[in-house]
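Encoded as structure tokens, the structure appears first; notes follow it.
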Amino acid sequence: MVPAVLPHMTSTGREDGAYGAWRRWYARVPGWTVTGGAVPLLPAGTAFDALSLPAAAGREVLDRLRPATPVALDGETMHLLVAPGSAGELPGLLDWLEWGPLVPELRGVGEGGHLVAPPPPGLRGPGVASRWLRPPVARGPGRAPVLPGLTRLGDGGAPDLVRLVSVAATACHRLRLGRSGDQPLAFSYSARMLAGTRPRSLMS
């Protein structure tokens, strides 16, 4: 969600002064364009898409990501940056993994969407709550950041996006179960095989 324009930052001159260094860093390191006025934005759909989920669920996913995978936190929402086009594949993947509508907290941000641009490492900005948990790091001149990458999932060949969606959906559903004891347990067979999880009823 993009926050409202802040009254003390409506001057174009002041915005340029506050965020000029941000724009230069984004252009130089990941090669991304920062748009927006009082609130700097990163357009999705060209350089990256994002999978967005509650931060409490996202913490389960972090230790399974390659260290170079960019991850941003905006309030209580975590954004996992993935390859462009991934957001459009999310609904079909959730159906294929037999999650369907069970995890509405897991959303895709793709073409036409935006993320609030977190401050680059070492910089701060007024009125922006978003921050990098793992900032994008270019792998060399003209090379894009790593998008995305999973390790220690052990399925031996499923595409990274499938595995990432499986792990993220499982984490979202576990969070939902923790909030409400009357929620049905709904770990699909496909999701268990990819994520390496088992339903609680099989755990002793």
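Residues in the structure tokens are numbered from 1 in each chain, the chains being A, B, ... in the order shown, and ligands are numbered from 1 in the order shown.
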
Practice problem: Output as a ChimeraX atom specification all residues of region 1-128 of chain A that backbone DSSP marks as alpha helix (DSSP H). | Solution: /A:12-28,55-62,86-96

Do you have, as CSV, the list of residues of region 81-107 of chain A lying at most 10 Å from region 50-58 of chain A, each with its nearest atom pair and that distance in Å to one decimal, counting only C-alpha atoms and ordered by chain then number?
residue,atom,partner,partner_atom,distance
A:Leu81,CA,A:Ala50,CA,4.4
A:Val82,CA,A:Ala50,CA,5.5
A:Ala83,CA,A:Ala50,CA,8.0
A:Pro84,CA,A:Ala50,CA,8.4
A:Gly85,CA,A:Ala50,CA,9.5
A:Ser86,CA,A:Ala50,CA,7.7
A:Ala87,CA,A:Ala50,CA,6.7
A:Leu90,CA,A:Leu51,CA,8.5
A:Val103,CA,A:Leu53,CA,9.5
A:Pro104,CA,A:Leu53,CA,9.0
A:Glu105,CA,A:Leu53,CA,5.6
A:Leu106,CA,A:Leu53,CA,4.8
A:Arg107,CA,A:Ser52,CA,5.2

Just-selected residues, all heavy atoms written as a CSV table (one decimal), in the first residue's frame:
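Below is the file result-v9.csv, written as the result:
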chain,number,residue,atom,x,y,z
A,81,LEU,N,11.3,-10.1,-3.6
A,81,LEU,CA,11.5,-9.7,-5.0
A,81,LEU,C,11.8,-10.9,-5.8
A,81,LEU,O,12.7,-11.7,-5.5
A,81,LEU,CB,12.5,-8.6,-5.1
A,81,LEU,CG,12.0,-7.2,-4.9
A,81,LEU,CD1,11.3,-7.0,-3.6
A,81,LEU,CD2,13.1,-6.2,-5.2
A,82,VAL,N,11.0,-11.1,-6.9
A,82,VAL,CA,11.1,-12.2,-7.8
A,82,VAL,C,11.2,-11.7,-9.2
A,82,VAL,O,11.1,-10.5,-9.5
A,82,VAL,CB,10.0,-13.2,-7.6
A,82,VAL,CG1,10.0,-13.9,-6.2
A,82,VAL,CG2,8.6,-12.5,-7.8
A,83,ALA,N,11.4,-12.6,-10.1
A,83,ALA,CA,11.6,-12.3,-11.5
A,83,ALA,C,10.3,-11.7,-12.1
A,83,ALA,O,9.2,-12.0,-11.7
A,83,ALA,CB,12.0,-13.5,-12.4
A,84,PRO,N,10.5,-10.7,-13.1
A,84,PRO,CA,9.3,-10.1,-13.7
A,84,PRO,C,8.4,-11.2,-14.3
A,84,PRO,O,8.9,-12.2,-14.9
A,84,PRO,CB,9.9,-9.2,-14.8
A,84,PRO,CG,11.3,-9.0,-14.3
A,84,PRO,CD,11.7,-10.2,-13.6
A,85,GLY,N,7.1,-11.0,-14.2
A,85,GLY,CA,6.1,-12.0,-14.7
A,85,GLY,C,5.6,-13.0,-13.7
A,85,GLY,O,4.6,-13.7,-13.8
A,86,SER,N,6.4,-13.1,-12.5
A,86,SER,CA,6.0,-14.1,-11.5
A,86,SER,C,4.7,-13.8,-10.9
A,86,SER,O,4.0,-14.8,-10.5
A,86,SER,CB,7.1,-14.1,-10.4
A,86,SER,OG,8.4,-14.5,-11.0
A,87,ALA,N,4.3,-12.5,-10.7
A,87,ALA,CA,3.1,-12.2,-10.0
A,87,ALA,C,1.9,-12.8,-10.8
A,87,ALA,O,0.9,-13.2,-10.2
A,87,ALA,CB,2.9,-10.7,-9.8
A,90,LEU,N,1.2,-16.4,-10.0
A,90,LEU,CA,0.9,-16.8,-8.7
A,90,LEU,C,-0.5,-17.5,-8.5
A,90,LEU,O,-0.5,-18.6,-7.9
A,90,LEU,CB,1.0,-15.6,-7.7
A,90,LEU,CG,0.6,-15.9,-6.3
A,90,LEU,CD1,1.6,-16.9,-5.7
A,90,LEU,CD2,0.7,-14.6,-5.5
A,103,VAL,N,-5.0,-19.1,1.1
A,103,VAL,CA,-4.0,-18.2,1.6
A,103,VAL,C,-4.1,-16.8,0.9
A,103,VAL,O,-3.2,-16.4,0.1
A,103,VAL,CB,-2.6,-18.8,1.4
A,103,VAL,CG1,-2.3,-19.8,2.4
A,103,VAL,CG2,-2.4,-19.3,0.0
A,104,PRO,N,-5.2,-16.1,1.2
A,104,PRO,CA,-5.4,-14.8,0.5
A,104,PRO,C,-4.3,-13.8,1.0
A,104,PRO,O,-4.1,-12.7,0.3
A,104,PRO,CB,-6.8,-14.3,1.0
A,104,PRO,CG,-7.0,-15.1,2.3
A,104,PRO,CD,-6.3,-16.4,2.1
A,105,GLU,N,-3.6,-14.1,2.0
A,105,GLU,CA,-2.5,-13.1,2.5
A,105,GLU,C,-1.3,-13.1,1.6
A,105,GLU,O,-0.6,-12.1,1.6
A,105,GLU,CB,-2.0,-13.5,3.9
A,105,GLU,CG,-3.1,-13.6,5.0
A,105,GLU,CD,-3.8,-15.0,5.0
A,105,GLU,OE1,-3.5,-15.8,4.1
A,105,GLU,OE2,-4.5,-15.2,6.0
A,106,LEU,N,-1.2,-14.1,0.7
A,106,LEU,CA,-0.1,-14.2,-0.2
A,106,LEU,C,-0.5,-13.5,-1.5
A,106,LEU,O,-1.4,-14.1,-2.2
A,106,LEU,CB,0.4,-15.6,-0.4
A,106,LEU,CG,1.5,-15.9,-1.4
A,106,LEU,CD1,2.8,-15.1,-1.0
A,106,LEU,CD2,1.8,-17.4,-1.5
A,107,ARG,N,0.1,-12.4,-1.9
A,107,ARG,CA,-0.3,-11.7,-3.1
A,107,ARG,C,0.9,-11.4,-4.0
A,107,ARG,O,2.0,-11.4,-3.5
A,107,ARG,CB,-1.0,-10.3,-2.6
A,107,ARG,CG,-2.2,-10.4,-1.7
A,107,ARG,CD,-2.7,-9.1,-1.3
A,107,ARG,NE,-1.7,-8.3,-0.5
A,107,ARG,CZ,-0.9,-7.4,-0.9
A,107,ARG,NH1,-1.0,-7.0,-2.2
A,107,ARG,NH2,-0.1,-6.8,-0.1

Self-check item: Residue nearest Ser166 (chain A) - candidates A:Leu97, A:Leu147, A:Ala38, A:Val128, atoms counted: only C-alpha atoms
Solution: A:Leu97

Exercise. Would you work out the distance separating CA of Pro70 (chain A) from CA of Gly37 (chain A), expressed in Å to one decimal?
Key: 23.6 Å

Quiz item: Between A:Arg64, A:Leu73, A:Leu102, A:Arg24, which is the closest to Pro118 (chain A) once you count only C-alpha atoms?
Solution: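 Among the listed residues, the smallest separation from Pro118 (chain A) belongs to A:Leu73.
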
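Taking CA of Leu164 (chain A) as the reference point, CA of Gly31 (chain A) is found at 24.3 Å.
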
Quiz item: Between A:Ala44, A:Ala27, A:Ala117, A:Val109, which has the minimum distance to Pro91 (chain A) (counting only C-alpha atoms)?
Solution: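 Smallest distance to Pro91 (chain A) is found for A:Val109.
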